[in-house]
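Peer 1: Structure in structure tokens, see below.
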Number of protein chains: 2
Amino acid sequence: MAAANIREVARRARVSVGTVSNVLNRPESVAEATRQRVMAAIDELGFVRNEAARHLRAGRSRTVGFVVLDVANPYFTDVARGVEGLADEHDAMVALCNSGDDPERERRHVKQLEEQRVLGILITPVENDNPYLEQVAARGTPVVLVDRGAGHNQCSVAVDDVLGGRLAGTHLLEQGHRRLGFVGGPLSIKQVADRKAGLHAAINDLNGTGADVVVISRPYLTVDEGRRAAEDIVGMPPGERPTAVFCANDLLALGLLQELTRHRLHVPDDIAIVGYDDIGFASAATVPLSSVRQPREQLGHAAIELLLDEVEHRSRHRHRQVVFQPELVVRESSQHTRAR
Amino acid sequence: MAAANIREVARRARVSVGTVSNVLNRPESVAEATRQRVMAAIDELGFVRNEAARHLRAGRSRTVGFVVLDVANPYFTDVARGVEGLADEHDAMVALCNSGDDPERERRHVKQLEEQRVLGILITPVENDNPYLEQVAARGTPVVLVDRGAGHNQCSVAVDDVLGGRLAGTHLLEQGHRRLGFVGGPLSIKQVADRKAGLHAAINDLNGTGADVVVISRPYLTVDEGRRAAEDIVGMPPGERPTAVFCANDLLALGLLQELTRHRLHVPDDIAIVGYDDIGFASAATVPLSSVRQPREQLGHAAIELLLDEVEHRSRHRHRQVVFQPELVVRESSQHTRAR
DNA sequence: GATCGTCTATGAATCGTTTCAACGATTGGG
DNA sequence: CCCAATCGTTGAAACGATTCATAGACGATC
């Protein structure tokens with residue numbers, strides 16, 4: 001049974017195609033009896049609107065593209081949830097695309113989305129500078145950077161990572177720690193560099209305390225790399241070992257926690273840990289993890305809001321760069337438990 | 001700069017629209033000089049093909065819809081990865097849609113996908129019986145059920161959950177356990193019921209051993225519920241407490257593990273645990289978790305293979321129900337560690 | 001120089017919906 | 001009884017790319 005089209009529906013209901021279209025899009029402007037007849041014909045024929053044709057006519061689709069670095073990362077799926085919520089209200093669909101850290105795949109996805117004339121594209125780009133995205137925007141598909149700041153020729157939503165690092169650092173200093181560790185991925189990733197800078201800033205805020213930072217650099221932000229960082233730490237002479245470690249994300253922190261525990265180092269008494277992102281598994285760890293929380297759903301919310309504003313008021317739209325404040329969630333992994 | 005269309009490109013390159021189309025789709029049939037001229041025009045105008053128009057003409061889009069229960073569940077993102085791999089080779093896109101366990105949302109997504117005339121729909125339905133999906137298929141959009149068996153009027157890919165339960169059960173019995181526990185979500189979910197049935201089957205296989213099963217039923221399959229199950233177990237008199245527990249998924253198992261440890265019960269010596277799904281976090285747990293592994297990527301692979309077969313050989317296609325065998329991965333959580 | 005074949009390029013028809021000016025029918029006011 | 005206004009419906013013109021039968025140009029062959 002090939003899908004029936006609007007013409008067949010019209011014929012069956014003995015009306016013109018225009019009327020069928022009206023039933024579908026402006027039911028109030030059609031006489032009740034006619035409407036019924038058309039609806040009946042639609043049911044009988046199993047008619048399903050052809051989105052491609054509507055879309056061709058309309059010039060734009062009702063889909064928003066969201067290109068993320070990694071669908072498997074709970075952080076992004078949470079942001080996506082925020083996007084979806086608001087998109088739903090504007091009956092737009094969200095197409096979730098995975099670049100998997102590969103600039104090539106990212107470009108392919110963006111191209112496809114542009115060909116689909118999506119309402120707009122939300123994207124966390126793999127690389128830092130992406131002139132091609134500005135071209136996409138210039139050709140008429142609005143682009144909003146997610147989790148990345150932008151110049152004022154683009155919209156962006158981000159979280160203040162320097163502040164996040166500072167919150168973590170200040171907290172650890174307040175707990176009396178003076179030998180701090182930073183476990184992070186490559187500093188070429190802006191988020192990582194900013195978080196580290198925040199940690200240093202916290203120390204500067206409190207200058208003259210003689211606090212020190214050992215940097216343990218790791219190539220990726222994964223659980224496995226967290227474990228390796230633990231090996232590094234365990235290998236240090238106890239006098240040089242940091243007494244508190246700030247990790248660039250929760251996956252690292254979880255790996256670190258597991259491996260330290262395995263080596264009979266107690267968290268937080270021997271080594272305190274603060275992570276970043278506050279993913280669901282953070283509070284579920286064997287020692288619940290302190291973490292810097294990013295307002296993930298809000299981030300998604302804000303991103304699509306900026307996008308829709310640009311779509312709806314193309315002329316009077318001004319690009320904005322929204323920056324959220326992170327928040328420190330203190331749990332067991334960074335508080336001395338004397339009563340032990 | 002509104003997106004230029006193929007006519008403007010043709011005008012600029014001083015050729016007909018047909019020729020531009022040929023450059024795009026059959027470049028070998030166009031003289032080199034002409035081709036160059038057209039390409040130049042495309043670049044200069046920033047021309048981007050309009051997918052809606054191609055699609056309208058072609059009758060079908062090059063997108064496959066994948067509707068999952070929960071994008072935040074690593075299990076589904078892994079299956080999705082399998083789907084994407086093969087889809088890429090057929091230069092099809094995958095649209096990942098999230099039903100979030102809500103039949104209403106699921107239906108909306110399916111409707112949208114059908115209106116988009118996607119190549120086909122892969123879906124893990126929320127409910128068990130879904131006649132509406134057969135109607136979708138009958139109207140011409142192939143549907144493949146994922147992680148659910150189907151009758152022979154539909155294609156499906158699934159994993160033998162009874163076997164999975166049996167593997168877990170047999171393993172625990174072989175380790176000498178006789179008081180077993182089963183922690184699971186509502187038995188109305190077929191997967192859960194099957195896994196439980198498998199556990200009982202394992203006991204029957206070895207009849208006369210006097211093995212026993214305590215069922216601890218929980219409404220959801222989450223980490224939190226796993227913790228609550230631990231409370232139940234801790235509350236039992238030590239003589240009745242199971243010495244080994246099989247969980248319907250890894251999230252439950254992780255929660256259980258954490259809370260038992262917190263109550264100073266040692267895993268596996270006091271209580272052994274086997275989970276299900278073998279998600280990434282299973283091996284990363286404080287006590288690495290034994291788990292029944294489902295061939296996730298293969299599942300995705302097989303699903304899209306069935307779908308593409310139906311698309312490409314519509315007439316001679318026969319619906320198939322593929323069932324995979326799960327595999328038990330034994331780790332520390334279910335092996336006595338005498339050397340402790 | 002007529003005939004045939006090869007290679008390129010053309011342009012009109014097509015996909016299915018939406019939109020909108022225009023039309024006929026009906027109603028109410030003057 | 002006529003004129004306007006209102007209401008419901010119509011039909012044709014878009015939207016932008018693809019396809020395909022056909023035409024034209026050019027060489028080779030007899």
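A note on labels: chains of the structure tokens are A, B, ... as shown, every chain counts residues from 1, and ligands are counted from 1 in their shown order.
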Enumerate as number ranges by chain the residues belonging to chain C that approach chain B to within 7 Å, with only C-alpha atoms (C1' of nucleotides) taken into account.
Peer 2: C: 8-10, 15
Peer 1: For Glu297 of chain B, find every residue with an atom within 7 Å (counting only C-alpha atoms (C1' of nucleotides)), except residues of its own chain fewer than 2 positions away, and show them as a list in words.
Peer 2: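 Final neighbour list, sorted by chain and number: Asp78, Val79, Arg81, Gly82, Pro295, Leu299, Gly300 and His301 of chain B.
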Peer 1: Let's have the selection written as a compact mmCIF listing (two decimals), in the first residue's frame, with C-alpha atoms.
Peer 2:
```txt
# COMPACT_ATOMS: atom_id res chain seq x y z
CA ASP B 78 26.50 1.49 22.18
CA VAL B 79 23.82 -0.11 20.04
CA ARG B 81 27.18 3.16 17.47
CA GLY B 82 26.72 -0.18 15.73
CA PRO B 295 26.68 -7.96 21.76
CA LEU B 299 22.81 -5.88 17.60
CA GLY B 300 22.82 -2.47 15.98
CA HIS B 301 24.62 -3.87 12.99
```
Peer 1: Which residues in segment 33-219 of chain A does DSSP call strand (DSSP E or B)? List them as a PDB file with N, CA and C atoms, in the first residue's frame.
Peer 2:
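To be explicit, this is the file written out as result-v1.pdb:
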```pdb
ATOM      1  N   THR A  63      13.333  21.066  12.211  1.00  0.00           N
ATOM      2  CA  THR A  63      14.297  20.274  12.969  1.00  0.00           C
ATOM      3  C   THR A  63      15.477  21.135  13.396  1.00  0.00           C
ATOM      4  N   VAL A  64      15.971  20.864  14.591  1.00  0.00           N
ATOM      5  CA  VAL A  64      17.183  21.519  15.062  1.00  0.00           C
ATOM      6  C   VAL A  64      18.274  20.462  15.137  1.00  0.00           C
ATOM      7  N   GLY A  65      19.432  20.751  14.611  1.00  0.00           N
ATOM      8  CA  GLY A  65      20.538  19.796  14.696  1.00  0.00           C
ATOM      9  C   GLY A  65      21.380  20.070  15.925  1.00  0.00           C
ATOM     10  N   PHE A  66      21.788  19.005  16.602  1.00  0.00           N
ATOM     11  CA  PHE A  66      22.665  19.176  17.763  1.00  0.00           C
ATOM     12  C   PHE A  66      23.854  18.237  17.580  1.00  0.00           C
ATOM     13  N   VAL A  67      25.009  18.818  17.346  1.00  0.00           N
ATOM     14  CA  VAL A  67      26.207  18.014  17.085  1.00  0.00           C
ATOM     15  C   VAL A  67      27.064  17.985  18.340  1.00  0.00           C
ATOM     16  N   VAL A  68      27.226  16.815  18.931  1.00  0.00           N
ATOM     17  CA  VAL A  68      27.985  16.710  20.178  1.00  0.00           C
ATOM     18  C   VAL A  68      29.270  15.916  19.972  1.00  0.00           C
ATOM     19  N   MET A  93      11.806  19.209  16.156  1.00  0.00           N
ATOM     20  CA  MET A  93      12.467  17.951  16.491  1.00  0.00           C
ATOM     21  C   MET A  93      13.945  18.229  16.705  1.00  0.00           C
ATOM     22  N   VAL A  94      14.597  17.379  17.475  1.00  0.00           N
ATOM     23  CA  VAL A  94      16.033  17.527  17.657  1.00  0.00           C
ATOM     24  C   VAL A  94      16.736  16.341  17.018  1.00  0.00           C
ATOM     25  N   ALA A  95      17.662  16.610  16.130  1.00  0.00           N
ATOM     26  CA  ALA A  95      18.463  15.536  15.549  1.00  0.00           C
ATOM     27  C   ALA A  95      19.805  15.535  16.247  1.00  0.00           C
ATOM     28  N   LEU A  96      20.081  14.473  16.975  1.00  0.00           N
ATOM     29  CA  LEU A  96      21.312  14.368  17.737  1.00  0.00           C
ATOM     30  C   LEU A  96      22.376  13.733  16.853  1.00  0.00           C
ATOM     31  N   CYS A  97      23.486  14.436  16.631  1.00  0.00           N
ATOM     32  CA  CYS A  97      24.541  13.906  15.776  1.00  0.00           C
ATOM     33  C   CYS A  97      25.820  13.790  16.578  1.00  0.00           C
ATOM     34  N   ASN A  98      26.560  12.771  16.294  1.00  0.00           N
ATOM     35  CA  ASN A  98      27.749  12.445  17.063  1.00  0.00           C
ATOM     36  C   ASN A  98      29.003  12.685  16.227  1.00  0.00           C
ATOM     37  N   GLY A 120      18.266  25.410  12.685  1.00  0.00           N
ATOM     38  CA  GLY A 120      19.544  25.908  13.154  1.00  0.00           C
ATOM     39  C   GLY A 120      20.388  24.771  13.679  1.00  0.00           C
ATOM     40  N   ILE A 121      21.627  25.079  14.003  1.00  0.00           N
ATOM     41  CA  ILE A 121      22.553  24.054  14.452  1.00  0.00           C
ATOM     42  C   ILE A 121      23.142  24.440  15.801  1.00  0.00           C
ATOM     43  N   LEU A 122      23.031  23.536  16.762  1.00  0.00           N
ATOM     44  CA  LEU A 122      23.726  23.683  18.033  1.00  0.00           C
ATOM     45  C   LEU A 122      24.943  22.787  17.937  1.00  0.00           C
ATOM     46  N   ILE A 123      26.076  23.274  18.346  1.00  0.00           N
ATOM     47  CA  ILE A 123      27.270  22.445  18.172  1.00  0.00           C
ATOM     48  C   ILE A 123      28.355  22.726  19.196  1.00  0.00           C
ATOM     49  N   VAL A 143      23.730  29.331  13.878  1.00  0.00           N
ATOM     50  CA  VAL A 143      24.591  28.405  14.602  1.00  0.00           C
ATOM     51  C   VAL A 143      24.780  28.929  16.022  1.00  0.00           C
ATOM     52  N   VAL A 144      24.641  28.057  16.996  1.00  0.00           N
ATOM     53  CA  VAL A 144      24.928  28.436  18.378  1.00  0.00           C
ATOM     54  C   VAL A 144      25.982  27.488  18.923  1.00  0.00           C
ATOM     55  N   LEU A 145      27.067  28.049  19.446  1.00  0.00           N
ATOM     56  CA  LEU A 145      28.107  27.221  20.041  1.00  0.00           C
ATOM     57  C   LEU A 145      27.687  26.832  21.451  1.00  0.00           C
ATOM     58  N   VAL A 146      27.869  25.578  21.778  1.00  0.00           N
ATOM     59  CA  VAL A 146      27.486  25.089  23.089  1.00  0.00           C
ATOM     60  C   VAL A 146      28.749  24.709  23.840  1.00  0.00           C
ATOM     61  N   CYS A 155      26.354  33.412  18.438  1.00  0.00           N
ATOM     62  CA  CYS A 155      25.764  33.158  19.737  1.00  0.00           C
ATOM     63  C   CYS A 155      26.498  31.988  20.380  1.00  0.00           C
ATOM     64  N   SER A 156      26.577  32.027  21.699  1.00  0.00           N
ATOM     65  CA  SER A 156      27.187  30.896  22.382  1.00  0.00           C
ATOM     66  C   SER A 156      26.640  30.794  23.798  1.00  0.00           C
ATOM     67  N   VAL A 157      26.683  29.585  24.331  1.00  0.00           N
ATOM     68  CA  VAL A 157      26.388  29.387  25.748  1.00  0.00           C
ATOM     69  C   VAL A 157      27.547  28.592  26.316  1.00  0.00           C
ATOM     70  N   ALA A 158      27.994  28.995  27.474  1.00  0.00           N
ATOM     71  CA  ALA A 158      29.138  28.314  28.064  1.00  0.00           C
ATOM     72  C   ALA A 158      29.042  28.429  29.572  1.00  0.00           C
ATOM     73  N   VAL A 159      29.939  27.763  30.238  1.00  0.00           N
ATOM     74  CA  VAL A 159      30.003  27.843  31.687  1.00  0.00           C
ATOM     75  C   VAL A 159      31.380  28.387  32.018  1.00  0.00           C
ATOM     76  N   ARG A 179      49.334  20.936  49.453  1.00  0.00           N
ATOM     77  CA  ARG A 179      49.927  20.290  48.281  1.00  0.00           C
ATOM     78  C   ARG A 179      48.790  19.762  47.410  1.00  0.00           C
ATOM     79  N   LEU A 180      48.504  20.519  46.372  1.00  0.00           N
ATOM     80  CA  LEU A 180      47.369  20.157  45.517  1.00  0.00           C
ATOM     81  C   LEU A 180      47.839  19.476  44.240  1.00  0.00           C
ATOM     82  N   GLY A 181      46.957  18.665  43.671  1.00  0.00           N
ATOM     83  CA  GLY A 181      47.255  18.047  42.377  1.00  0.00           C
ATOM     84  C   GLY A 181      46.198  18.453  41.369  1.00  0.00           C
ATOM     85  N   PHE A 182      46.604  18.538  40.106  1.00  0.00           N
ATOM     86  CA  PHE A 182      45.616  18.761  39.043  1.00  0.00           C
ATOM     87  C   PHE A 182      45.783  17.644  38.023  1.00  0.00           C
ATOM     88  N   VAL A 183      44.686  16.904  37.798  1.00  0.00           N
ATOM     89  CA  VAL A 183      44.728  15.844  36.793  1.00  0.00           C
ATOM     90  C   VAL A 183      43.870  16.296  35.627  1.00  0.00           C
ATOM     91  N   GLY A 184      44.483  16.414  34.459  1.00  0.00           N
ATOM     92  CA  GLY A 184      43.703  16.951  33.340  1.00  0.00           C
ATOM     93  C   GLY A 184      44.123  16.413  31.999  1.00  0.00           C
ATOM     94  N   ASP A 212      50.946  24.694  46.676  1.00  0.00           N
ATOM     95  CA  ASP A 212      51.668  24.198  45.512  1.00  0.00           C
ATOM     96  C   ASP A 212      50.761  23.314  44.650  1.00  0.00           C
ATOM     97  N   VAL A 213      51.023  23.308  43.339  1.00  0.00           N
ATOM     98  CA  VAL A 213      50.219  22.429  42.480  1.00  0.00           C
ATOM     99  C   VAL A 213      51.112  21.487  41.671  1.00  0.00           C
ATOM    100  N   VAL A 214      50.821  20.204  41.760  1.00  0.00           N
ATOM    101  CA  VAL A 214      51.484  19.220  40.901  1.00  0.00           C
ATOM    102  C   VAL A 214      50.526  18.942  39.748  1.00  0.00           C
ATOM    103  N   VAL A 215      51.008  19.087  38.522  1.00  0.00           N
ATOM    104  CA  VAL A 215      50.122  18.829  37.393  1.00  0.00           C
ATOM    105  C   VAL A 215      50.400  17.446  36.822  1.00  0.00           C
ATOM    106  N   ILE A 216      49.354  16.643  36.751  1.00  0.00           N
ATOM    107  CA  ILE A 216      49.490  15.314  36.159  1.00  0.00           C
ATOM    108  C   ILE A 216      48.691  15.331  34.869  1.00  0.00           C
ATOM    109  N   SER A 217      49.418  15.401  33.775  1.00  0.00           N
ATOM    110  CA  SER A 217      48.736  15.586  32.500  1.00  0.00           C
ATOM    111  C   SER A 217      48.428  14.247  31.853  1.00  0.00           C
TER     112      SER A 217
END
```
Peer 1: Skipping near chain neighbours, those fewer than 3 positions away, what residues fall within 10 Å of Leu86 of chain A using only C-alpha atoms (C1' of nucleotides), listed as a PyMOL selection string?
Peer 2: chain A and resi 81-83+89-92+300-305+308
Peer 1: Residues as selected, N, CA and C atoms, written as a PDB file, in the first residue's frame, can you do that?
Peer 2:
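This went into selection_24.pdb:
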```
ATOM      1  N   ARG A  81      18.818  16.806  26.769  1.00  0.00           N
ATOM      2  CA  ARG A  81      17.497  16.776  27.375  1.00  0.00           C
ATOM      3  C   ARG A  81      16.945  18.198  27.518  1.00  0.00           C
ATOM      4  N   GLY A  82      17.825  19.115  27.928  1.00  0.00           N
ATOM      5  CA  GLY A  82      17.411  20.505  28.059  1.00  0.00           C
ATOM      6  C   GLY A  82      16.977  21.081  26.721  1.00  0.00           C
ATOM      7  N   VAL A  83      17.698  20.730  25.692  1.00  0.00           N
ATOM      8  CA  VAL A  83      17.367  21.212  24.357  1.00  0.00           C
ATOM      9  C   VAL A  83      16.001  20.690  23.935  1.00  0.00           C
ATOM     10  N   GLU A  89       8.216  22.275  22.832  1.00  0.00           N
ATOM     11  CA  GLU A  89       7.196  23.309  22.957  1.00  0.00           C
ATOM     12  C   GLU A  89       7.001  24.085  21.654  1.00  0.00           C
ATOM     13  N   HIS A  90       8.050  24.153  20.871  1.00  0.00           N
ATOM     14  CA  HIS A  90       7.940  24.855  19.585  1.00  0.00           C
ATOM     15  C   HIS A  90       7.722  23.849  18.471  1.00  0.00           C
ATOM     16  N   ASP A  91       7.151  22.779  18.749  1.00  0.00           N
ATOM     17  CA  ASP A  91       7.099  21.528  17.997  1.00  0.00           C
ATOM     18  C   ASP A  91       8.177  21.371  16.938  1.00  0.00           C
ATOM     19  N   ALA A  92       9.391  21.495  17.439  1.00  0.00           N
ATOM     20  CA  ALA A  92      10.546  21.202  16.598  1.00  0.00           C
ATOM     21  C   ALA A  92      11.151  19.886  17.069  1.00  0.00           C
ATOM     22  N   GLY A 300      21.404  23.693  27.765  1.00  0.00           N
ATOM     23  CA  GLY A 300      20.658  23.274  26.580  1.00  0.00           C
ATOM     24  C   GLY A 300      19.500  24.219  26.318  1.00  0.00           C
ATOM     25  N   HIS A 301      18.819  24.548  27.385  1.00  0.00           N
ATOM     26  CA  HIS A 301      17.703  25.474  27.336  1.00  0.00           C
ATOM     27  C   HIS A 301      18.096  26.797  26.688  1.00  0.00           C
ATOM     28  N   ALA A 302      19.150  27.366  27.243  1.00  0.00           N
ATOM     29  CA  ALA A 302      19.608  28.676  26.783  1.00  0.00           C
ATOM     30  C   ALA A 302      20.023  28.597  25.325  1.00  0.00           C
ATOM     31  N   ALA A 303      20.686  27.515  24.961  1.00  0.00           N
ATOM     32  CA  ALA A 303      21.188  27.381  23.596  1.00  0.00           C
ATOM     33  C   ALA A 303      20.034  27.428  22.606  1.00  0.00           C
ATOM     34  N   ILE A 304      19.008  26.670  22.872  1.00  0.00           N
ATOM     35  CA  ILE A 304      17.929  26.628  21.901  1.00  0.00           C
ATOM     36  C   ILE A 304      17.105  27.909  21.943  1.00  0.00           C
ATOM     37  N   GLU A 305      17.100  28.556  23.090  1.00  0.00           N
ATOM     38  CA  GLU A 305      16.400  29.830  23.183  1.00  0.00           C
ATOM     39  C   GLU A 305      17.062  30.869  22.267  1.00  0.00           C
ATOM     40  N   LEU A 308      16.229  29.955  18.662  1.00  0.00           N
ATOM     41  CA  LEU A 308      14.871  30.265  18.229  1.00  0.00           C
ATOM     42  C   LEU A 308      14.665  31.766  18.120  1.00  0.00           C
TER      43      LEU A 308
END
```
Peer 1: Distance table requested - chain B against chain A, cut-off 6 Å, only C-alpha atoms: one row per qualifying residue with the closest atom pair and its distance in Å to one decimal, ordered by chain and rising residue number, as a tab-separated table.
Peer 2:
```
residue	atom	partner	partner_atom	distance
B:Met1	CA	A:Arg139	CA	5.4
B:Ala2	CA	A:Arg139	CA	6.0
B:Ala3	CA	A:Arg139	CA	5.8
B:Arg49	CA	A:Glu115	CA	5.5
B:Asn50	CA	A:Glu115	CA	5.2
B:Glu51	CA	A:Gln116	CA	5.0
B:Ala52	CA	A:Ala52	CA	5.0
B:Ala53	CA	A:Leu56	CA	5.9
B:Leu56	CA	A:Ala52	CA	5.4
B:Ala72	CA	A:Thr77	CA	5.7
B:Thr77	CA	A:Ala72	CA	5.8
B:Ala95	CA	A:Ala95	CA	5.7
B:Leu96	CA	A:Leu96	CA	5.9
B:Glu115	CA	A:Glu51	CA	5.1
B:Gln116	CA	A:Glu51	CA	5.0
B:Arg139	CA	A:Met1	CA	5.5
B:Gln258	CA	A:Thr286	CA	5.4
B:Thr286	CA	A:Gln258	CA	5.5
```
Peer 1: Just the selected residues (N, CA and C atoms), exported as a PDB file, in the first residue's frame, please.
Peer 2:
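Wrote part_24.pdb, looks like this:
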```
ATOM      1  N   MET B   1      22.624  36.649   2.910  1.00  0.00           N
ATOM      2  CA  MET B   1      22.833  35.874   1.675  1.00  0.00           C
ATOM      3  C   MET B   1      21.922  34.644   1.687  1.00  0.00           C
ATOM      4  N   ALA B   2      20.769  34.770   1.118  1.00  0.00           N
ATOM      5  CA  ALA B   2      19.866  33.607   1.065  1.00  0.00           C
ATOM      6  C   ALA B   2      20.517  32.519   0.212  1.00  0.00           C
ATOM      7  N   ALA B   3      20.276  31.298   0.568  1.00  0.00           N
ATOM      8  CA  ALA B   3      20.891  30.182  -0.151  1.00  0.00           C
ATOM      9  C   ALA B   3      20.519  30.233  -1.629  1.00  0.00           C
ATOM     10  N   ARG B  49      22.998  22.258  -1.738  1.00  0.00           N
ATOM     11  CA  ARG B  49      21.858  21.479  -2.211  1.00  0.00           C
ATOM     12  C   ARG B  49      20.686  21.496  -1.248  1.00  0.00           C
ATOM     13  N   ASN B  50      19.509  21.502  -1.773  1.00  0.00           N
ATOM     14  CA  ASN B  50      18.325  21.451  -0.924  1.00  0.00           C
ATOM     15  C   ASN B  50      17.841  20.012  -0.819  1.00  0.00           C
ATOM     16  N   GLU B  51      18.086  19.448   0.346  1.00  0.00           N
ATOM     17  CA  GLU B  51      17.768  18.047   0.551  1.00  0.00           C
ATOM     18  C   GLU B  51      16.266  17.788   0.406  1.00  0.00           C
ATOM     19  N   ALA B  52      15.460  18.742   0.810  1.00  0.00           N
ATOM     20  CA  ALA B  52      14.010  18.530   0.749  1.00  0.00           C
ATOM     21  C   ALA B  52      13.564  18.300  -0.683  1.00  0.00           C
ATOM     22  N   ALA B  53      14.136  19.066  -1.587  1.00  0.00           N
ATOM     23  CA  ALA B  53      13.730  18.936  -2.983  1.00  0.00           C
ATOM     24  C   ALA B  53      14.186  17.596  -3.573  1.00  0.00           C
ATOM     25  N   LEU B  56      12.007  14.966  -2.078  1.00  0.00           N
ATOM     26  CA  LEU B  56      10.639  14.963  -2.603  1.00  0.00           C
ATOM     27  C   LEU B  56      10.616  14.217  -3.937  1.00  0.00           C
ATOM     28  N   ALA B  72      20.265   8.278  27.635  1.00  0.00           N
ATOM     29  CA  ALA B  72      21.276   8.403  28.680  1.00  0.00           C
ATOM     30  C   ALA B  72      21.811   7.047  29.108  1.00  0.00           C
ATOM     31  N   THR B  77      23.383   3.796  23.621  1.00  0.00           N
ATOM     32  CA  THR B  77      24.326   4.543  22.792  1.00  0.00           C
ATOM     33  C   THR B  77      25.314   3.584  22.137  1.00  0.00           C
ATOM     34  N   ALA B  95      18.981   9.240  12.756  1.00  0.00           N
ATOM     35  CA  ALA B  95      18.353  10.206  13.661  1.00  0.00           C
ATOM     36  C   ALA B  95      17.997   9.474  14.939  1.00  0.00           C
ATOM     37  N   LEU B  96      18.644   9.884  16.024  1.00  0.00           N
ATOM     38  CA  LEU B  96      18.438   9.224  17.303  1.00  0.00           C
ATOM     39  C   LEU B  96      17.289   9.927  18.028  1.00  0.00           C
ATOM     40  N   GLU B 115       6.424  10.773   8.503  1.00  0.00           N
ATOM     41  CA  GLU B 115       6.185  11.936   7.645  1.00  0.00           C
ATOM     42  C   GLU B 115       7.443  12.327   6.882  1.00  0.00           C
ATOM     43  N   GLN B 116       8.580  12.064   7.491  1.00  0.00           N
ATOM     44  CA  GLN B 116       9.825  12.379   6.810  1.00  0.00           C
ATOM     45  C   GLN B 116      10.195  11.334   5.783  1.00  0.00           C
ATOM     46  N   ARG B 139       2.234   0.698   5.525  1.00  0.00           N
ATOM     47  CA  ARG B 139       2.165   1.892   4.674  1.00  0.00           C
ATOM     48  C   ARG B 139       3.475   2.139   3.939  1.00  0.00           C
ATOM     49  N   GLN B 258      27.666  -0.836  45.876  1.00  0.00           N
ATOM     50  CA  GLN B 258      28.064   0.307  46.694  1.00  0.00           C
ATOM     51  C   GLN B 258      27.480   0.227  48.099  1.00  0.00           C
ATOM     52  N   THR B 286      34.408  -0.383  41.842  1.00  0.00           N
ATOM     53  CA  THR B 286      35.424  -0.609  42.862  1.00  0.00           C
ATOM     54  C   THR B 286      35.787  -2.088  42.922  1.00  0.00           C
TER      55      THR B 286
END
```
Peer 1: Find the residues of chain D in contact range of chain A, meaning any atom within 12 Å when counting only C-alpha atoms (C1' of nucleotides), and list them as a PyMOL selection string.
Peer 2: chain D and resi 7-17
Peer 1: Per DSSP on the backbone, filter segment 38-81 of chain B down to the residues in helix (DSSP H, G or I) and report them as a ChimeraX atom specification.
Peer 2: /B:38-45,51-58,74-81
Peer 1: When you look at DG30 of chain C with a cut-off of 12 Å (counting only C-alpha atoms (C1' of nucleotides)), what residues show up, excluding the ones that are within fewer than 4 positions of it in the same chain? I need them as a list in words.
Peer 2: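 The contact residues come out as DC1, DC2, DC3 and DA4 of chain D.
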Peer 1: By how many Å are atom CA of Glu28 of chain A and atom CA of Glu312 of chain A apart?
Peer 2: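 Straight-line distance from atom CA of Glu28 of chain A to atom CA of Glu312 of chain A works out to 24.8 Å.
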Peer 1: Which neighbours of DA13 of chain C fall inside 10 Å, counting only C-alpha atoms (C1' of nucleotides), when residues of the same chain fewer than 2 positions from it are skipped, and could you give them as a list in words?
Peer 2: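 Here the qualifying residues turn out to be DG11 of chain C; DT19 and DC20 of chain D.
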Peer 1: Excluding Ile271 of chain B and residues on its chain fewer than 5 positions from it, collect all residues at most 12 Å away from it, counting only C-alpha atoms (C1' of nucleotides), and give them as number ranges by chain.
Peer 2: B: 172, 175, 177-181, 230, 233-234, 238, 241-246, 253, 256-257, 259-261, 263-266, 287, 332-337
Peer 1: Could those residues be written to a file, using C-alpha atoms, as a tab-separated table (two decimals), in the first residue's frame?
Peer 2:
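Saved to part_33.tsv:
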```tsv
chain	number	residue	atom	x	y	z
B	172	LEU	CA	26.90	-18.89	40.64
B	175	GLN	CA	30.83	-21.33	42.63
B	177	HIS	CA	26.22	-20.83	46.05
B	178	ARG	CA	22.87	-22.30	47.03
B	179	ARG	CA	20.97	-19.31	48.38
B	180	LEU	CA	20.58	-17.05	45.38
B	181	GLY	CA	18.96	-13.65	45.04
B	230	ALA	CA	20.92	-3.67	49.35
B	233	ILE	CA	19.35	-7.73	51.88
B	234	VAL	CA	21.20	-6.23	54.81
B	238	PRO	CA	22.32	-13.69	58.00
B	241	ARG	CA	20.54	-13.81	53.22
B	242	PRO	CA	21.48	-14.90	49.73
B	243	THR	CA	25.18	-15.52	49.27
B	244	ALA	CA	24.99	-14.50	45.64
B	245	VAL	CA	22.78	-12.07	43.77
B	246	PHE	CA	21.94	-11.80	40.10
B	253	ALA	CA	24.24	-4.17	40.41
B	256	LEU	CA	23.82	-2.88	45.23
B	257	LEU	CA	27.59	-3.17	45.31
B	259	GLU	CA	25.55	-0.06	49.45
B	260	LEU	CA	26.64	-3.53	50.52
B	261	THR	CA	30.23	-2.29	50.75
B	263	HIS	CA	27.47	-1.86	55.24
B	264	ARG	CA	30.80	-3.65	55.49
B	265	LEU	CA	29.65	-6.66	53.56
B	266	HIS	CA	32.41	-7.78	51.28
B	287	VAL	CA	35.01	-4.35	42.69
B	332	GLU	CA	36.04	-10.16	40.71
B	333	SER	CA	32.52	-9.59	41.99
B	334	SER	CA	31.58	-13.24	41.66
B	335	GLN	CA	34.80	-15.13	42.38
B	336	HIS	CA	35.90	-15.99	45.87
B	337	THR	CA	39.25	-14.40	46.54
```
